[in-house]
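One structure is given below, encoded as structure tokens.
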Protein chains: 2
Amino acid sequence: MQLPIDITSLPGALQRRRQQLAARIDLPVILWSGGSPSRNFPANRFPFRASSHFLYFAGLGLENAAIRLEAGKLQLFINEPSPEAALWHGSALHPNDIAAFMGADSVHPLSELAGYAQPAVTIPVQDQATLALQVQVLKRDLPPAQALSGGDHQLAAAIVDLRLTHDQLALSELRQAGQVTIAAHLAGMAHTPSAKTEAEVRAAMESVLTAADLPTAYASIVTVHGQVLHNTHYGHSLQAGDLLLADVGGETATGWAADITRTWPVSGQFSASQRAIYELVLAAHDACIAALRPGVEYRQIHLLAAQTIAAGLVELGILRGNPQSLVERDAHALFFPHGIGHLLGLDVHDMEDLGDLAGYAPGRQRSDRFGLGFLRLDRPLQAGMVVTIEPGFYQVPAILEDSDRRSAYQDCVNWQRLADFADVRGIRIEDDVLITDQGCEVLTAALPTDLEQVEALVSQSLCNPFASPTTTLD
Amino acid sequence: MQLPIDITSLPGALQRRRQQLAARIDLPVILWSGGSPSRNFPANRFPFRASSHFLYFAGLGLENAAIRLEAGKLQLFINEPSPEAALWHGSALHPNDIAAFMGADSVHPLSELAGYAQPAVTIPVQDQATLALQVQVLKRDLPPAQALSGGDHQLAAAIVDLRLTHDQLALSELRQAGQVTIAAHLAGMAHTPSAKTEAEVRAAMESVLTAADLPTAYASIVTVHGQVLHNTHYGHSLQAGDLLLADVGGETATGWAADITRTWPVSGQFSASQRAIYELVLAAHDACIAALRPGVEYRQIHLLAAQTIAAGLVELGILRGNPQSLVERDAHALFFPHGIGHLLGLDVHDMEDLGDLAGYAPGRQRSDRFGLGFLRLDRPLQAGMVVTIEPGFYQVPAILEDSDRRSAYQDCVNWQRLADFADVRGIRIEDDVLITDQGCEVLTAALPTDLEQVEALVSQSLCNPFASPTTTLD
């Protein structure tokens with residue numbers, strides 16, 4: 001086993017997290033790391049990814065392990081590797097060494113966990129086999145993590161309170177994820193001129209993550225059909241007039257994510273219509289970032305984006321009316337149907353396993369308004385939070401061709417004018433932003449958003465890594 | 001949704017498979033495709049991979065679908081996409097169109113499946129959420145797929161009988177997986193001189209698969225520590241004297257796998273000791289392939305590899321004694337501890353979800369011998385089977401430093417001579433081979449195994465795709 005991070009800072013940082021948890025909850029806590037689910041047969045597994053709550057307090061993605069936290073103390077439960085595991089998977093660190101590395105107070109085989117299980121609280125993991133183990137060890141049923149009650153809910157609320165803002169160890173990891181992800185986007189831009197398909201651009205981007213030994217934090221979106229918001233098909237060929245939307249992010253070995261979107265022209269040159277909409281989305285992006293600071297309601301940031309987009313669309317002649325009234329009627333959501341962003345941390349939608357417990361302040365819940373229902377974060381901002389800012393413009397057939405919506409917004413959309421922008425199917429610009437005492441810091445600012453810079457990055461002439469090797473066999 | 005394969009040949013091929021199944025089992029059959037397990041939160045999922053048995057009869061990786069087969073007829077059960085799915089995931093094909101594409105006789109929403117469930121038999125899927133659905137629809141408990149009984153076991157045996165040999169559609173897919181995987185290995189060799197870490201070579205290889213829109217069929221092994229048989233860490237830096245072992249394979253959009261291993265010198269030049277062992281492993285590889293034909297026992301192919309390796313090690317002075325006696329004592333397994341290969345098809349270890357039902361002929365079971373216990377296939381070969389041939393030589397500390405083994409083989413290992421080969425930690429050479437009426441065809445033969453050719457492929461001078469883009473930002 002290789003240790004993925006600086007070993008000197010880990011035990012101290014983990015101890016502070018444990019103490020902060022102990023200050024918020026009096027019950028003993030057990031967190032399981034989980035296992036990797038089988039793919040098509042038991043030995044063919046998906047890559048292991050530890051539960052984020054485990055990672056937060058254990059600092060390492062240990063498979064099939066558990067930690068017990070009580071009054072700031074850490075007990076690690078993990079088995080020694082079997083002789084067969086040594087043959088197939090190599091010699092692993094001994095549990096004692098792992099425990100020392102984490103600063104654990106004691107280490108035990110997993111079989112002893114049941115003896116320490118009462119009256120511990122927990123968060124149910126996503127891995128179903130481990131979930132069954134949680135139920136067996138705790139001797140009680142567990143609902144899904146988004147529907148906890150009693151002590152488990154208390155634990156979830158305490159963890160949310162902690163994980164909402166990031167300590168130095170977390171920020172160092174988030175910055176690292178951001179840096180590698182920036183390099184991946186630069187590679188995607190640079191390789192687009194020589195790529196024939198979405199898949200080739202995706203390959204150029206993900207290979208930068210893979211080369212740095214970072215998995216993707218989520219399923220990459222690399223598409224000339226950006227109007228499909230979570231498009232995970234990569235089969236389209238690239239045409240000169242297309243915009244390519246790439247929403248790709250890596251996560252570090254200890255699980256911290258980046259989440260960046262850029263949209264660039266396949267040809268290296270935006271058309272006039274694409275340029276107009278790109279500038280509008282960028283204006284919304286910049287306006288939101290300029291407004292971020294502690295105390296500001298994130299919902300107001302969302303509405304600022306909506307307002308900026310609505311005003312811009314009025315200026316372009318696509319919408320008619322007063323921008324503020326248009327936003328009140330959710331007319332912006334015809335073209336910007338999702339939220340302005342979300343929390344970012346160990347999960348790309350941080351703590352979304354807990355439903356809206358992290359995203360929504362106590363007492364708040366999702367709106368049923370068309371223009372607000374997809375907002376994933378509705379809290380006052382605090383220094384130390386990391387959020388994404390990701391305005392977009394899309395022509396989604398399921399929205400724009402819906403006859404109810406067309407008649408509801410008949411008076412305020414100029415469909416004829418909209419047709420002039422047919423080559424803009426989807427644009428999104430997304431950065432990761434740390435809220436600071438003074439305002440904010442864009443963690444991913446090194447990746448240009450400026451239109452001319454993006455054009456220049458796409459127009460570089462680089463080697464095509466996929467063409468060369470296969471031609472050498474002749 | 002994009003259709004991954006030639007649409008004209010699919011319905012006919014699927015119909016033949018259904019008829020062949022109907023000729024082998026009289027009971028109605030329901031096969032579920034499964035869903036993708038959640039990663040760290042419910043909406044963040046692993047890439048979907050349909051159950052292989054479903055793929056064999058449905059031809060398409062449809063998520064959350066089921067098919068019912070009876071007397072050669074095909075009923076498809078799948079829901080129409082919700083309006084929200086259209087927003088986030090784009091417009092999908094209508095169930096009627098999918099049904100037409102597959103040649104289904106009827107199509108139904110999933111809610112109707114329970115009405116057709118008695119007395120159907122099934123194979124339990126790996127996805128735990130879908131497994132719960134199977135239990136609910138069939139109204140009975142299901143054991144793991146490797147421990148079926150009654151009608152489910154009859155079904156599994158019938159499917160094994162069918163899937164053991166491949167039809168033209170399957171072979172066409174297996175060839176495609178092989179071709180792209182060959183290009184991936186060529187890229188790995190070509191990019192090794194400019195790579196600093198295992199991860200960079202892995203990236204160069206997997207990016208070729210990704211660019212062709214093929215997922216990996218299994219977790220890639222790209223390592224300078226080839227003695228760790230299933231090594232899935234990529235953190236080592238590459239040193240000039242190292243051998244790099246790469247076991248990487250893609251699978252096509254409809255699930256058919258390739259499985260290739262090559263071992264090459266990081267410097268582009270094998271040392272004398274590496275050259276000697278490489279030639280020995282290659283001799284075993286070639287001897288096994290030369291012996292493949294219908295009627296031959298695959299276990300004899302394994303023993304032929306063992307014998308070739310033992311004889312070569314005697315010649316090199318590493319082992320002492322008569323090669324045949326050494327193999328009878330399992331002395332070859334000190335250095336070649338795994339089996340010579342396995343079935344290949346929709347799964348890289350084909351049908352291993354059914355335990356040894358596919359790999360072992362009826363009445364046979366795994367040996368407890370050190371040199372035979374890891375053999376995954378023990379059947380007489382038939383035309384139409386695809387198997388891997390993958391001999392290797394490894395210096396596994398867990399084996400060679402085990403004091404019991406050292407004393408058991410004290411008389412036949414020259415440890416001092418072995419020390420001359422310290423720079424050979426692990427070598428494996430693996431190809432995918434179709435058994436034909438006349439003998440066999442190596443599906444992956446276009447990727448050289450010849451030592452000089454491998455050296456030449458590594459010594460090409462290609463651009464480094466990971467260095468360029470990040471340097472353009474200054």
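We label chains A, B, ... in the order they appear in the structure tokens, count residues from 1 in each chain, and number ligands from 1 in the order shown.
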
### Expected answer as number ranges by chain: strand (DSSP E) residues in region 89-238 of chain A
A: 106-108, 221-223

File of the preceding selection, N, CA and C atoms, as a PDB file, in the first residue's frame:
```pdb
ATOM      1  N   SER A 106      -6.244   2.816  19.208  1.00  0.00           N
ATOM      2  CA  SER A 106      -6.123   1.363  19.295  1.00  0.00           C
ATOM      3  C   SER A 106      -6.554   0.768  17.968  1.00  0.00           C
ATOM      4  N   VAL A 107      -6.160  -0.496  17.782  1.00  0.00           N
ATOM      5  CA  VAL A 107      -6.514  -1.161  16.527  1.00  0.00           C
ATOM      6  C   VAL A 107      -7.001  -2.569  16.857  1.00  0.00           C
ATOM      7  N   HIS A 108      -8.043  -3.005  16.149  1.00  0.00           N
ATOM      8  CA  HIS A 108      -8.705  -4.277  16.451  1.00  0.00           C
ATOM      9  C   HIS A 108      -9.081  -4.985  15.157  1.00  0.00           C
ATOM     10  N   ILE A 221     -18.748  14.686 -18.358  1.00  0.00           N
ATOM     11  CA  ILE A 221     -19.624  15.135 -19.449  1.00  0.00           C
ATOM     12  C   ILE A 221     -18.711  15.803 -20.479  1.00  0.00           C
ATOM     13  N   VAL A 222     -18.645  15.245 -21.648  1.00  0.00           N
ATOM     14  CA  VAL A 222     -17.824  15.817 -22.726  1.00  0.00           C
ATOM     15  C   VAL A 222     -18.662  15.669 -23.983  1.00  0.00           C
ATOM     16  N   THR A 223     -19.325  16.754 -24.366  1.00  0.00           N
ATOM     17  CA  THR A 223     -20.383  16.581 -25.358  1.00  0.00           C
ATOM     18  C   THR A 223     -20.583  17.808 -26.224  1.00  0.00           C
TER      19      THR A 223
END
```

### Task
Within 9 Å of region 311-316 of chain B, counting only C-alpha atoms, which residues show up once you throw out same-chain ones fewer than 2 positions away? Write them as number ranges by chain, please.
B: 276-277, 280-281, 283, 306-309, 318-324, 326, 332, 417

Export of prior selection with C-alpha atoms as a short mmCIF file (atom, residue, chain, number, x, y, z; two decimals), in the first residue's frame:
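Just written: result_9.cif:
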```cif
data_model
loop_
_atom_site.label_atom_id
_atom_site.label_comp_id
_atom_site.auth_asym_id
_atom_site.auth_seq_id
_atom_site.Cartn_x
_atom_site.Cartn_y
_atom_site.Cartn_z
CA ALA B 276 16.50 -15.13 -20.73
CA ILE B 277 13.33 -15.29 -18.67
CA LEU B 280 11.37 -18.78 -21.57
CA VAL B 281 7.90 -17.38 -20.86
CA ALA B 283 8.45 -20.35 -25.32
CA ALA B 306 4.46 -25.74 -16.36
CA GLN B 307 6.71 -28.31 -18.01
CA THR B 308 8.18 -25.76 -20.45
CA ILE B 309 8.87 -23.31 -17.65
CA ILE B 318 17.46 -21.90 -11.25
CA LEU B 319 15.78 -25.27 -10.71
CA ARG B 320 17.52 -28.61 -10.33
CA GLY B 321 16.16 -32.00 -11.35
CA ASN B 322 13.98 -33.62 -13.95
CA PRO B 323 11.38 -31.15 -15.32
CA GLN B 324 8.55 -33.68 -15.24
CA LEU B 326 9.53 -30.93 -10.77
CA HIS B 332 7.13 -24.68 -11.27
CA ARG B 417 21.64 -18.67 -9.14
#
```

### Task
Give me the residues within 7 Å of Pro294 (chain A) as a list in words, counting only C-alpha atoms and dropping any in the same chain fewer than 5 places off.
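Those residues are Leu381, Gln382, Ala383, Ile435, Asp437 and Gly439 of chain A.
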
Counting only C-alpha atoms, which residues of region 52-82 of chain B sit at most 12 Å from some atom of region 168-179 of chain B, and what is each one's closest atom pair with its distance in Å to one decimal, listed by chain and rising residue number, as a Markdown table?
```
| residue | atom | partner | partner_atom | distance |
| --- | --- | --- | --- | --- |
| B:Leu55 | CA | B:Ala170 | CA | 10.9 |
| B:Tyr56 | CA | B:Ala170 | CA | 8.8 |
| B:Phe57 | CA | B:Ala170 | CA | 11.4 |
| B:Gly59 | CA | B:Leu169 | CA | 9.7 |
```

### Query
Using only C-alpha atoms, which residues sit within 6 Å of region 145-159 of chain A once same-chain residues fewer than 6 positions away are excluded, as a PyMOL selection string?
chain A and resi 24+121-122+124+353-355

### Message
For a test of reading the model, state the distance in Å between CA of Gln20 (chain B) and CA of Leu93 (chain B), rounded to one decimal.
### Response
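Computing the Euclidean distance for CA of Gln20 (chain B) and CA of Leu93 (chain B) yields 28.5 Å.
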
### Query
Can you tell me how far CA of Glu200 (chain A) sits from CA of His236 (chain A), in Å to one decimal?
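Separating CA of Glu200 (chain A) from CA of His236 (chain A) is a distance of 10.2 Å.
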
### Query
Using only C-alpha atoms, which of A:Gln15, A:Gln416, A:Ser207, A:Ser194 sits nearest chain B?
A:Ser207

### Task
Could you give me, as a list in words, the residues within 10 Å of Asp350 (chain A), counting only C-alpha atoms and dropping anything in the same chain fewer than 4 positions from it?
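In the requested form, the answer reads Ser52, Val160, Arg163, Leu164, Trp256, Ala257, His342, Leu343, Leu344, Gly345, Leu346, Leu354, Ala358, Gly359, Arg376, Val386 and Val387 of chain A; Asn40 and Phe41 of chain B.
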
### Task
Would you please work out which residue, of A:Asp247, A:Val266, A:Ser407, A:Asp330, is nearest to Glu390 (chain A) when using only C-alpha atoms?
A:Asp247
